[in-house]
file run-v3.pdb (PDB, N, CA and C atoms)
ATOM      1  N   MET A   1      79.417 -11.457 -91.761
ATOM      2  CA  MET A   1      78.949 -12.342 -92.808
ATOM      3  C   MET A   1      79.642 -11.964 -94.118
ATOM      4  N   ALA A   2      80.114 -12.934 -94.853
ATOM      5  CA  ALA A   2      80.812 -12.677 -96.112
ATOM      6  C   ALA A   2      79.838 -12.264 -97.199
ATOM      7  N   LYS A   3      80.331 -11.445 -98.108
ATOM      8  CA  LYS A   3      79.500 -11.012 -99.234
ATOM      9  C   LYS A   3      79.951 -11.768-100.478
ATOM     10  N   PHE A   4      79.053 -12.464-101.095
ATOM     11  CA  PHE A   4      79.353 -13.192-102.307
ATOM     12  C   PHE A   4      78.649 -12.493-103.444
ATOM     13  N   SER A   5      79.400 -12.107-104.421
ATOM     14  CA  SER A   5      78.786 -11.429-105.559
ATOM     15  C   SER A   5      79.335 -12.023-106.836
ATOM     16  N   LYS A   6      78.812 -11.558-107.932
ATOM     17  CA  LYS A   6      79.226 -12.065-109.231
ATOM     18  C   LYS A   6      80.689 -11.727-109.474
ATOM     19  N   ASP A   7      81.463 -12.706-109.848
ATOM     20  CA  ASP A   7      82.844 -12.504-110.267
ATOM     21  C   ASP A   7      82.906 -13.000-111.693
ATOM     22  N   GLU A   8      82.914 -12.068-112.620
ATOM     23  CA  GLU A   8      82.804 -12.423-114.035
ATOM     24  C   GLU A   8      83.915 -13.362-114.500
ATOM     25  N   SER A   9      85.096 -13.277-113.887
ATOM     26  CA  SER A   9      86.197 -14.110-114.349
ATOM     27  C   SER A   9      86.006 -15.579-113.990
ATOM     28  N   SER A  10      85.337 -15.867-112.858
ATOM     29  CA  SER A  10      85.171 -17.262-112.454
ATOM     30  C   SER A  10      83.752 -17.748-112.667
ATOM     31  N   ARG A  11      82.945 -16.942-113.231
ATOM     32  CA  ARG A  11      81.533 -17.240-113.368
ATOM     33  C   ARG A  11      81.272 -18.154-114.564
ATOM     34  N   SER A  12      80.372 -19.108-114.377
ATOM     35  CA  SER A  12      79.981 -19.943-115.506
ATOM     36  C   SER A  12      78.952 -19.183-116.317
ATOM     37  N   SER A  13      78.476 -19.790-117.354
ATOM     38  CA  SER A  13      77.488 -19.120-118.204
ATOM     39  C   SER A  13      76.064 -19.389-117.734
ATOM     40  N   GLY A  14      75.898 -19.864-116.507
ATOM     41  CA  GLY A  14      74.571 -20.138-115.974
ATOM     42  C   GLY A  14      74.362 -21.627-115.791
ATOM     43  N   LEU A  15      73.229 -21.962-115.239
ATOM     44  CA  LEU A  15      72.918 -23.346-114.918
ATOM     45  C   LEU A  15      72.148 -24.000-116.052
ATOM     46  N   SER A  16      72.761 -24.956-116.693
ATOM     47  CA  SER A  16      72.076 -25.697-117.750
ATOM     48  C   SER A  16      71.353 -26.892-117.134
ATOM     49  N   PHE A  17      70.457 -27.483-117.892
ATOM     50  CA  PHE A  17      69.718 -28.651-117.408
ATOM     51  C   PHE A  17      70.688 -29.784-117.058
ATOM     52  N   ARG A  18      71.698 -29.975-117.883
ATOM     53  CA  ARG A  18      72.682 -31.046-117.650
ATOM     54  C   ARG A  18      73.419 -30.815-116.330
ATOM     55  N   GLU A  19      73.809 -29.555-116.065
ATOM     56  CA  GLU A  19      74.508 -29.248-114.816
ATOM     57  C   GLU A  19      73.583 -29.419-113.610
ATOM     58  N   LEU A  20      72.327 -29.063-113.767
ATOM     59  CA  LEU A  20      71.356 -29.241-112.689
ATOM     60  C   LEU A  20      71.243 -30.719-112.323
ATOM     61  N   GLN A  21      71.210 -31.580-113.314
ATOM     62  CA  GLN A  21      71.082 -33.020-113.062
ATOM     63  C   GLN A  21      72.306 -33.584-112.345
ATOM     64  N   LYS A  22      73.481 -32.955-112.522
ATOM     65  CA  LYS A  22      74.712 -33.441-111.908
ATOM     66  C   LYS A  22      74.888 -32.969-110.464
ATOM     67  N   LEU A  23      74.093 -31.991-110.022
ATOM     68  CA  LEU A  23      74.225 -31.477-108.662
ATOM     69  C   LEU A  23      73.843 -32.537-107.639
ATOM     70  N   PRO A  24      74.454 -32.482-106.461
ATOM     71  CA  PRO A  24      74.006 -33.377-105.376
ATOM     72  C   PRO A  24      72.538 -33.110-105.067
ATOM     73  N   LYS A  25      71.833 -34.141-104.619
ATOM     74  CA  LYS A  25      70.385 -34.034-104.386
ATOM     75  C   LYS A  25      69.977 -32.800-103.567
ATOM     76  N   PRO A  26      70.647 -32.504-102.435
ATOM     77  CA  PRO A  26      70.206 -31.328-101.660
ATOM     78  C   PRO A  26      70.318 -30.020-102.458
ATOM     79  N   GLN A  27      71.403 -29.842-103.211
ATOM     80  CA  GLN A  27      71.556 -28.643-104.029
ATOM     81  C   GLN A  27      70.547 -28.626-105.171
ATOM     82  N   HIS A  28      70.322 -29.783-105.771
ATOM     83  CA  HIS A  28      69.347 -29.920-106.858
ATOM     84  C   HIS A  28      67.963 -29.470-106.389
ATOM     85  N   HIS A  29      67.555 -29.967-105.225
ATOM     86  CA  HIS A  29      66.237 -29.615-104.684
ATOM     87  C   HIS A  29      66.160 -28.128-104.329
ATOM     88  N   LEU A  30      67.253 -27.590-103.761
ATOM     89  CA  LEU A  30      67.272 -26.172-103.400
ATOM     90  C   LEU A  30      67.160 -25.291-104.639
ATOM     91  N   VAL A  31      67.924 -25.609-105.681
ATOM     92  CA  VAL A  31      67.869 -24.819-106.916
ATOM     93  C   VAL A  31      66.470 -24.887-107.520
ATOM     94  N   ASN A  32      65.868 -26.050-107.541
ATOM     95  CA  ASN A  32      64.505 -26.177-108.067
ATOM     96  C   ASN A  32      63.511 -25.368-107.242
ATOM     97  N   TRP A  33      63.682 -25.362-105.924
ATOM     98  CA  TRP A  33      62.789 -24.592-105.065
ATOM     99  C   TRP A  33      62.943 -23.089-105.348
ATOM    100  N   ILE A  34      64.186 -22.617-105.455
ATOM    101  CA  ILE A  34      64.425 -21.199-105.757
ATOM    102  C   ILE A  34      63.855 -20.862-107.130
ATOM    103  N   ARG A  35      64.036 -21.756-108.087
ATOM    104  CA  ARG A  35      63.509 -21.526-109.441
ATOM    105  C   ARG A  35      61.986 -21.370-109.413
ATOM    106  N   ARG A  36      61.317 -22.212-108.652
ATOM    107  CA  ARG A  36      59.857 -22.125-108.559
ATOM    108  C   ARG A  36      59.399 -20.846-107.864
ATOM    109  N   GLN A  37      60.227 -20.317-106.967
ATOM    110  CA  GLN A  37      59.893 -19.065-106.283
ATOM    111  C   GLN A  37      60.188 -17.853-107.172
ATOM    112  N   ASN A  38      60.932 -18.053-108.235
ATOM    113  CA  ASN A  38      61.457 -17.015-109.119
ATOM    114  C   ASN A  38      62.643 -16.317-108.461
ATOM    115  N   GLN A  39      62.503 -15.903-107.239
ATOM    116  CA  GLN A  39      63.621 -15.416-106.436
ATOM    117  C   GLN A  39      63.259 -15.639-104.984
ATOM    118  N   ALA A  40      64.277 -15.777-104.149
ATOM    119  CA  ALA A  40      64.027 -16.026-102.737
ATOM    120  C   ALA A  40      65.016 -15.237-101.902
ATOM    121  N   SER A  41      64.544 -14.741-100.773
ATOM    122  CA  SER A  41      65.434 -14.018 -99.868
ATOM    123  C   SER A  41      66.265 -15.029 -99.086
ATOM    124  N   LEU A  42      67.350 -14.533 -98.517
ATOM    125  CA  LEU A  42      68.189 -15.401 -97.699
ATOM    126  C   LEU A  42      67.381 -15.960 -96.528
ATOM    127  N   LEU A  43      66.525 -15.137 -95.952
ATOM    128  CA  LEU A  43      65.682 -15.592 -94.842
ATOM    129  C   LEU A  43      64.732 -16.708 -95.293
ATOM    130  N   ASP A  44      64.110 -16.544 -96.456
ATOM    131  CA  ASP A  44      63.217 -17.587 -96.985
ATOM    132  C   ASP A  44      63.971 -18.895 -97.207
ATOM    133  N   ILE A  45      65.179 -18.786 -97.743
ATOM    134  CA  ILE A  45      65.989 -19.982 -98.006
ATOM    135  C   ILE A  45      66.377 -20.647 -96.685
ATOM    136  N   ALA A  46      66.771 -19.835 -95.693
ATOM    137  CA  ALA A  46      67.139 -20.379 -94.388
ATOM    138  C   ALA A  46      65.957 -21.114 -93.757
ATOM    139  N   ILE A  47      64.774 -20.533 -93.853
ATOM    140  CA  ILE A  47      63.574 -21.182 -93.311
ATOM    141  C   ILE A  47      63.292 -22.476 -94.064
ATOM    142  N   HIS A  48      63.405 -22.435 -95.394
ATOM    143  CA  HIS A  48      63.162 -23.635 -96.209
ATOM    144  C   HIS A  48      64.140 -24.755 -95.840
ATOM    145  N   LEU A  49      65.397 -24.388 -95.560
ATOM    146  CA  LEU A  49      66.419 -25.381 -95.225
ATOM    147  C   LEU A  49      66.454 -25.731 -93.740
ATOM    148  N   CYS A  50      65.641 -25.020 -92.936
ATOM    149  CA  CYS A  50      65.657 -25.196 -91.474
ATOM    150  C   CYS A  50      67.054 -24.919 -90.917
ATOM    151  N   GLN A  51      67.636 -23.815 -91.378
ATOM    152  CA  GLN A  51      68.973 -23.401 -90.961
ATOM    153  C   GLN A  51      68.936 -21.928 -90.583
ATOM    154  N   ASP A  52      70.007 -21.467 -89.896
ATOM    155  CA  ASP A  52      70.126 -20.032 -89.677
ATOM    156  C   ASP A  52      70.668 -19.409 -90.968
ATOM    157  N   GLU A  53      70.595 -18.083 -91.063
ATOM    158  CA  GLU A  53      70.970 -17.406 -92.311
ATOM    159  C   GLU A  53      72.436 -17.610 -92.678
ATOM    160  N   GLU A  54      73.325 -17.613 -91.687
ATOM    161  CA  GLU A  54      74.749 -17.785 -91.982
ATOM    162  C   GLU A  54      75.024 -19.180 -92.559
ATOM    163  N   THR A  55      74.404 -20.191 -92.005
ATOM    164  CA  THR A  55      74.567 -21.557 -92.519
ATOM    165  C   THR A  55      73.958 -21.677 -93.911
ATOM    166  N   ALA A  56      72.804 -21.044 -94.114
ATOM    167  CA  ALA A  56      72.169 -21.067 -95.435
ATOM    168  C   ALA A  56      73.064 -20.395 -96.473
ATOM    169  N   LEU A  57      73.722 -19.298 -96.088
ATOM    170  CA  LEU A  57      74.626 -18.606 -97.005
ATOM    171  C   LEU A  57      75.804 -19.502 -97.381
ATOM    172  N   LYS A  58      76.303 -20.259 -96.413
ATOM    173  CA  LYS A  58      77.398 -21.205 -96.696
ATOM    174  C   LYS A  58      76.918 -22.308 -97.639
ATOM    175  N   THR A  59      75.660 -22.681 -97.529
ATOM    176  CA  THR A  59      75.078 -23.681 -98.428
ATOM    177  C   THR A  59      74.989 -23.126 -99.852
ATOM    178  N   LEU A  60      74.687 -21.827 -99.968
ATOM    179  CA  LEU A  60      74.552 -21.187-101.281
ATOM    180  C   LEU A  60      75.896 -20.884-101.943
ATOM    181  N   GLN A  61      76.949 -20.765-101.145
ATOM    182  CA  GLN A  61      78.249 -20.333-101.655
ATOM    183  C   GLN A  61      78.729 -21.105-102.882
ATOM    184  N   PRO A  62      78.726 -22.441-102.897
ATOM    185  CA  PRO A  62      79.210 -23.159-104.093
ATOM    186  C   PRO A  62      78.367 -22.860-105.338
ATOM    187  N   LEU A  63      77.075 -22.671-105.145
ATOM    188  CA  LEU A  63      76.189 -22.379-106.277
ATOM    189  C   LEU A  63      76.430 -20.968-106.806
ATOM    190  N   LEU A  64      76.751 -20.043-105.910
ATOM    191  CA  LEU A  64      77.082 -18.682-106.323
ATOM    192  C   LEU A  64      78.416 -18.644-107.059
ATOM    193  N   GLU A  65      79.400 -19.361-106.524
ATOM    194  CA  GLU A  65      80.737 -19.366-107.124
ATOM    195  C   GLU A  65      80.727 -19.974-108.527
ATOM    196  N   LYS A  66      79.881 -20.967-108.736
ATOM    197  CA  LYS A  66      79.778 -21.591-110.052
ATOM    198  C   LYS A  66      78.933 -20.764-111.016
ATOM    199  N   GLY A  67      78.263 -19.733-110.503
ATOM    200  CA  GLY A  67      77.425 -18.893-111.352
ATOM    201  C   GLY A  67      76.049 -19.475-111.603
ATOM    202  N   PHE A  68      75.652 -20.473-110.808
ATOM    203  CA  PHE A  68      74.339 -21.086-110.973
ATOM    204  C   PHE A  68      73.241 -20.233-110.345
ATOM    205  N   LEU A  69      73.618 -19.432-109.340
ATOM    206  CA  LEU A  69      72.688 -18.513-108.693
ATOM    207  C   LEU A  69      73.249 -17.098-108.790
ATOM    208  N   GLU A  70      72.351 -16.128-108.845
ATOM    209  CA  GLU A  70      72.721 -14.720-108.826
ATOM    210  C   GLU A  70      72.241 -14.130-107.515
ATOM    211  N   GLU A  71      73.049 -13.265-106.923
ATOM    212  CA  GLU A  71      72.677 -12.604-105.676
ATOM    213  C   GLU A  71      72.395 -11.135-105.949
ATOM    214  N   THR A  72      71.304 -10.650-105.387
ATOM    215  CA  THR A  72      70.951  -9.241-105.468
ATOM    216  C   THR A  72      70.747  -8.749-104.045
ATOM    217  N   ILE A  73      71.296  -7.593-103.737
ATOM    218  CA  ILE A  73      71.112  -7.022-102.412
ATOM    219  C   ILE A  73      70.282  -5.760-102.553
ATOM    220  N   LYS A  74      69.128  -5.746-101.901
ATOM    221  CA  LYS A  74      68.237  -4.588-101.900
ATOM    222  C   LYS A  74      68.090  -4.129-100.464
ATOM    223  N   GLY A  75      68.733  -3.003-100.148
ATOM    224  CA  GLY A  75      68.722  -2.536 -98.760
ATOM    225  C   GLY A  75      69.482  -3.512 -97.891
ATOM    226  N   GLU A  76      68.808  -4.043 -96.898
ATOM    227  CA  GLU A  76      69.414  -5.015 -95.983
ATOM    228  C   GLU A  76      69.151  -6.462 -96.415
ATOM    229  N   GLU A  77      68.313  -6.649 -97.420
ATOM    230  CA  GLU A  77      67.847  -7.985 -97.807
ATOM    231  C   GLU A  77      68.643  -8.533 -98.993
ATOM    232  N   ARG A  78      68.982  -9.809 -98.919
ATOM    233  CA  ARG A  78      69.656 -10.508-100.020
ATOM    234  C   ARG A  78      68.622 -11.385-100.724
ATOM    235  N   TYR A  79      68.660 -11.368-102.058
ATOM    236  CA  TYR A  79      67.759 -12.198-102.854
ATOM    237  C   TYR A  79      68.581 -13.045-103.812
ATOM    238  N   TYR A  80      68.078 -14.236-104.095
ATOM    239  CA  TYR A  80      68.775 -15.180-104.969
ATOM    240  C   TYR A  80      67.821 -15.675-106.031
ATOM    241  N   ARG A  81      68.364 -15.830-107.226
ATOM    242  CA  ARG A  81      67.584 -16.397-108.318
ATOM    243  C   ARG A  81      68.516 -17.256-109.165
ATOM    244  N   VAL A  82      67.930 -18.183-109.910
ATOM    245  CA  VAL A  82      68.700 -19.088-110.757
ATOM    246  C   VAL A  82      69.187 -18.318-111.973
ATOM    247  N   SER A  83      70.440 -18.535-112.323
ATOM    248  CA  SER A  83      71.042 -17.911-113.496
ATOM    249  C   SER A  83      71.077 -18.946-114.619
ATOM    250  N   TYR A  84      70.400 -18.645-115.707
ATOM    251  CA  TYR A  84      70.317 -19.577-116.831
ATOM    252  C   TYR A  84      71.322 -19.189-117.910
ATOM    253  N   PRO A  85      71.815 -20.168-118.679
ATOM    254  CA  PRO A  85      72.716 -19.831-119.780
ATOM    255  C   PRO A  85      71.948 -19.096-120.872
ATOM    256  N   PRO A  86      72.650 -18.291-121.673
ATOM    257  CA  PRO A  86      71.950 -17.609-122.774
ATOM    258  C   PRO A  86      71.424 -18.637-123.759
ATOM    259  N   LYS A  87      70.307 -18.318-124.361
ATOM    260  CA  LYS A  87      69.738 -19.233-125.349
ATOM    261  C   LYS A  87      70.619 -19.239-126.588
ATOM    262  N   ARG A  88      70.666 -20.382-127.224
ATOM    263  CA  ARG A  88      71.488 -20.517-128.423
ATOM    264  C   ARG A  88      71.054 -19.530-129.489
ATOM    265  N   GLY A  89      72.041 -18.963-130.156
ATOM    266  CA  GLY A  89      71.756 -18.077-131.267
ATOM    267  C   GLY A  89      71.575 -16.628-130.865
ATOM    268  N   GLN A  90      71.401 -16.350-129.592
ATOM    269  CA  GLN A  90      71.200 -14.967-129.179
ATOM    270  C   GLN A  90      72.420 -14.118-129.490
ATOM    271  N   SER A  91      73.612 -14.617-129.201
ATOM    272  CA  SER A  91      74.796 -13.811-129.454
ATOM    273  C   SER A  91      74.983 -13.618-130.958
ATOM    274  N   LEU A  92      74.699 -14.639-131.744
ATOM    275  CA  LEU A  92      74.798 -14.522-133.194
ATOM    276  C   LEU A  92      73.780 -13.507-133.701
ATOM    277  N   PHE A  93      72.551 -13.577-133.197
ATOM    278  CA  PHE A  93      71.516 -12.632-133.591
ATOM    279  C   PHE A  93      71.935 -11.213-133.245
ATOM    280  N   LYS A  94      72.502 -11.023-132.053
ATOM    281  CA  LYS A  94      72.942  -9.696-131.634
ATOM    282  C   LYS A  94      74.045  -9.188-132.556
ATOM    283  N   LYS A  95      74.989 -10.054-132.919
ATOM    284  CA  LYS A  95      76.067  -9.651-133.825
ATOM    285  C   LYS A  95      75.501  -9.219-135.175
ATOM    286  N   LEU A  96      74.557  -9.988-135.696
ATOM    287  CA  LEU A  96      73.960  -9.647-136.989
ATOM    288  C   LEU A  96      73.178  -8.333-136.906
ATOM    289  N   ALA A  97      72.441  -8.147-135.817
ATOM    290  CA  ALA A  97      71.682  -6.913-135.642
ATOM    291  C   ALA A  97      72.614  -5.714-135.523
ATOM    292  N   ASP A  98      73.710  -5.875-134.780
ATOM    293  CA  ASP A  98      74.685  -4.789-134.637
ATOM    294  C   ASP A  98      75.346  -4.464-135.977
ATOM    295  N   LYS A  99      75.641  -5.504-136.754
ATOM    296  CA  LYS A  99      76.261  -5.301-138.059
ATOM    297  C   LYS A  99      75.307  -4.550-138.985
ATOM    298  N   LYS A 100      74.030  -4.930-138.965
ATOM    299  CA  LYS A 100      73.034  -4.262-139.803
ATOM    300  C   LYS A 100      72.883  -2.803-139.382
ATOM    301  N   LYS A 101      72.858  -2.552-138.094
ATOM    302  CA  LYS A 101      72.720  -1.193-137.583
ATOM    303  C   LYS A 101      73.921  -0.338-138.004
ATOM    304  N   ALA A 102      75.122  -0.903-137.892
ATOM    305  CA  ALA A 102      76.334  -0.174-138.284
ATOM    306  C   ALA A 102      76.314   0.135-139.780
ATOM    307  N   LYS A 103      75.838  -0.810-140.566
ATOM    308  CA  LYS A 103      75.769  -0.608-142.014
ATOM    309  C   LYS A 103      74.774   0.512-142.345
ATOM    310  N   GLN A 104      73.628   0.511-141.660
ATOM    311  CA  GLN A 104      72.634   1.556-141.887
ATOM    312  C   GLN A 104      73.177   2.921-141.484
ATOM    313  N   GLU A 105      73.886   2.979-140.374
ATOM    314  CA  GLU A 105      74.456   4.244-139.919
ATOM    315  C   GLU A 105      75.514   4.756-140.887
ATOM    316  N   SER A 106      76.341   3.842-141.408
ATOM    317  CA  SER A 106      77.383   4.274-142.346
ATOM    318  C   SER A 106      76.769   4.748-143.658
ATOM    319  N   SER A 107      75.672   4.111-144.094
ATOM    320  CA  SER A 107      75.029   4.554-145.330
ATOM    321  C   SER A 107      74.331   5.904-145.125
ATOM    322  N   GLU A 108      73.822   6.142-143.921
ATOM    323  CA  GLU A 108      73.215   7.447-143.615
ATOM    324  C   GLU A 108      74.278   8.536-143.579
ATOM    325  N   ASP A 109      75.451   8.200-143.042
ATOM    326  CA  ASP A 109      76.552   9.157-142.979
ATOM    327  C   ASP A 109      77.040   9.528-144.382
ATOM    328  N   SER A 110      77.090   8.553-145.271
ATOM    329  CA  SER A 110      77.573   8.834-146.631
ATOM    330  C   SER A 110      76.556   9.642-147.437
ATOM    331  N   THR A 111      75.277   9.525-147.135
ATOM    332  CA  THR A 111      74.274  10.308-147.836
ATOM    333  C   THR A 111      74.226  11.746-147.325
ATOM    334  N   ASP A 112      74.736  11.950-146.092
ATOM    335  CA  ASP A 112      74.781  13.299-145.520
ATOM    336  C   ASP A 112      75.839  14.157-146.183
ATOM    337  N   LEU A 113      76.840  13.538-146.783
ATOM    338  CA  LEU A 113      77.923  14.297-147.410
ATOM    339  C   LEU A 113      77.500  14.894-148.664
TER
END
call {"tool": "encode", "arguments": {"input": "run-v3.pdb", "output": "structure tokens"}}
result
Amino acid sequence: MAKFSKDESSRSSGLSFRELQKLPKPQHHLVNWIRRQNQASLLDIAIHLCQDEETALKTLQPLLEKGFLEETIKGEERYYRVSYPPKRGQSLFKKLADKKKAKQESSEDSTDL
């Protein structure tokens, strides 16, 4: 069985509402089902789809490659959850917080002299 994991270079920034609406109906329903479960094992997904695990994994592959789903492997079990895009302003907030922290550290360093 192939292992599909996060590839940062080809990964999208997560599944937005607009992208969810553009998915084919079967993928749309599957993503919504996984979202409602919070996370689902490969076995749970296979049972939900009435497929064997290998076929279910092939069904998940396009969603994993696009970065819409994240895969976690715990022991022998694979789990999947929906990957959401970062909320607007978070990166800007982080930059401002980092800048403030750096400024405070530099002012503390200058008072130590």
call {"tool": "atom_distance", "arguments": {"input": "run-v3.pdb", "atom1": "atom C of A:Leu49", "atom2": "atom CA of A:Pro85"}}
result
27.4 Å
call {"tool": "residues_around", "arguments": {"input": "run-v3.pdb", "residues": "A:Leu63", "least_positions_apart": "3", "cutoff": "10 Å", "atoms": "only C-alpha atoms", "output": "list in words"}}
result
Leu15, Leu23, Gln27, Val31, Lys58, Thr59, Leu60, Lys66, Gly67, Phe68, Leu69, Glu70, Val82 and Ser83 of chain A
call {"tool": "atom_distance", "arguments": {"input": "run-v3.pdb", "atom1": "atom CA of A:Leu57", "atom2": "atom N of A:Glu19"}}
result
22.0 Å
call {"tool": "select_by_dssp", "arguments": {"input": "run-v3.pdb", "residues": "stretch 1-77 of chain A", "states": "alpha helix (DSSP H)", "output": "MDAnalysis selection string"}}
result
chainID A and resid 17:22 25:37 42:49 53:65
call {"tool": "resolve_selection", "arguments": {"input": "run-v3.pdb", "expression": "the PyMOL selection byres (((chain A and resi 38 and name CA) around 12) and name CA)", "output": "number ranges by chain"}}
result
A: 31-37, 39-41, 69-70, 79-83
call {"tool": "atom_distance", "arguments": {"input": "run-v3.pdb", "atom1": "atom N of A:Arg78", "atom2": "atom N of A:Asp44"}}
result
8.7 Å
call {"tool": "decode", "arguments": {"input": "run-v3.pdb", "residues": "stretch 32-99 of chain A", "atoms": "C-alpha atoms", "output": "short mmCIF file (atom, residue, chain, number, x, y, z; two decimals), in the first residue's frame"}}
result
data_model
loop_
_atom_site.label_atom_id
_atom_site.label_comp_id
_atom_site.auth_asym_id
_atom_site.auth_seq_id
_atom_site.Cartn_x
_atom_site.Cartn_y
_atom_site.Cartn_z
CA ASN A 32 -18.06 16.76 5.06
CA TRP A 33 -18.38 13.36 6.72
CA ILE A 34 -14.71 13.40 7.82
CA ARG A 35 -15.14 16.98 9.05
CA ARG A 36 -18.11 15.96 11.19
CA GLN A 37 -16.10 13.07 12.65
CA ASN A 38 -13.22 15.49 13.38
CA GLN A 39 -10.91 12.70 12.24
CA ALA A 40 -11.51 9.28 10.78
CA SER A 41 -9.43 6.15 10.42
CA LEU A 42 -8.86 4.58 7.05
CA LEU A 43 -11.00 1.64 8.19
CA ASP A 44 -13.86 3.97 9.19
CA ILE A 45 -13.66 5.72 5.82
CA ALA A 46 -13.61 2.39 3.96
CA ILE A 47 -16.70 1.24 5.87
CA HIS A 48 -18.45 4.57 5.21
CA LEU A 49 -17.68 4.27 1.48
CA CYS A 50 -18.48 0.52 1.38
CA GLN A 51 -15.01 -0.11 -0.04
CA ASP A 52 -11.90 -2.02 0.99
CA GLU A 53 -9.10 0.01 2.58
CA GLU A 54 -6.90 0.08 -0.53
CA THR A 55 -9.74 1.43 -2.69
CA ALA A 56 -10.64 3.96 0.01
CA LEU A 57 -7.01 5.13 0.08
CA LYS A 58 -7.12 5.64 -3.69
CA THR A 59 -10.29 7.69 -3.19
CA LEU A 60 -8.47 9.86 -0.62
CA GLN A 61 -5.34 10.33 -2.74
CA PRO A 62 -6.50 13.40 -4.75
CA LEU A 63 -7.68 15.11 -1.55
CA LEU A 64 -4.36 14.40 0.15
CA GLU A 65 -2.34 15.62 -2.83
CA LYS A 66 -4.28 18.89 -2.93
CA GLY A 67 -3.71 19.36 0.81
CA PHE A 68 -7.42 19.23 1.62
CA LEU A 69 -6.89 16.31 4.01
CA GLU A 70 -4.06 15.59 6.43
CA GLU A 71 -2.89 12.06 7.16
CA THR A 72 -1.59 10.96 10.54
CA ILE A 73 -0.20 7.51 11.20
CA LYS A 74 -0.38 6.24 14.78
CA GLY A 75 1.10 2.77 15.08
CA GLU A 76 -0.59 0.68 12.40
CA GLU A 77 -3.61 2.99 12.05
CA ARG A 78 -4.01 5.85 9.56
CA TYR A 79 -6.19 8.83 10.48
CA TYR A 80 -7.47 11.63 8.26
CA ARG A 81 -8.77 15.06 9.07
CA VAL A 82 -9.73 18.13 7.03
CA SER A 83 -6.99 20.71 6.62
CA TYR A 84 -8.32 24.26 6.79
CA PRO A 85 -6.57 27.38 5.46
CA PRO A 86 -5.09 29.73 8.07
CA LYS A 87 -7.47 32.41 9.21
CA ARG A 88 -6.89 35.83 7.73
CA GLY A 89 -4.59 38.06 9.68
CA GLN A 90 -2.91 35.30 11.64
CA SER A 91 0.37 35.59 9.77
CA LEU A 92 0.28 39.38 10.09
CA PHE A 93 -0.47 39.08 13.81
CA LYS A 94 2.42 36.64 14.22
CA LYS A 95 4.78 39.01 12.39
CA LEU A 96 3.75 41.91 14.61
CA ALA A 97 4.09 39.81 17.77
CA ASP A 98 7.54 38.60 16.69
CA LYS A 99 8.61 42.16 15.90
#
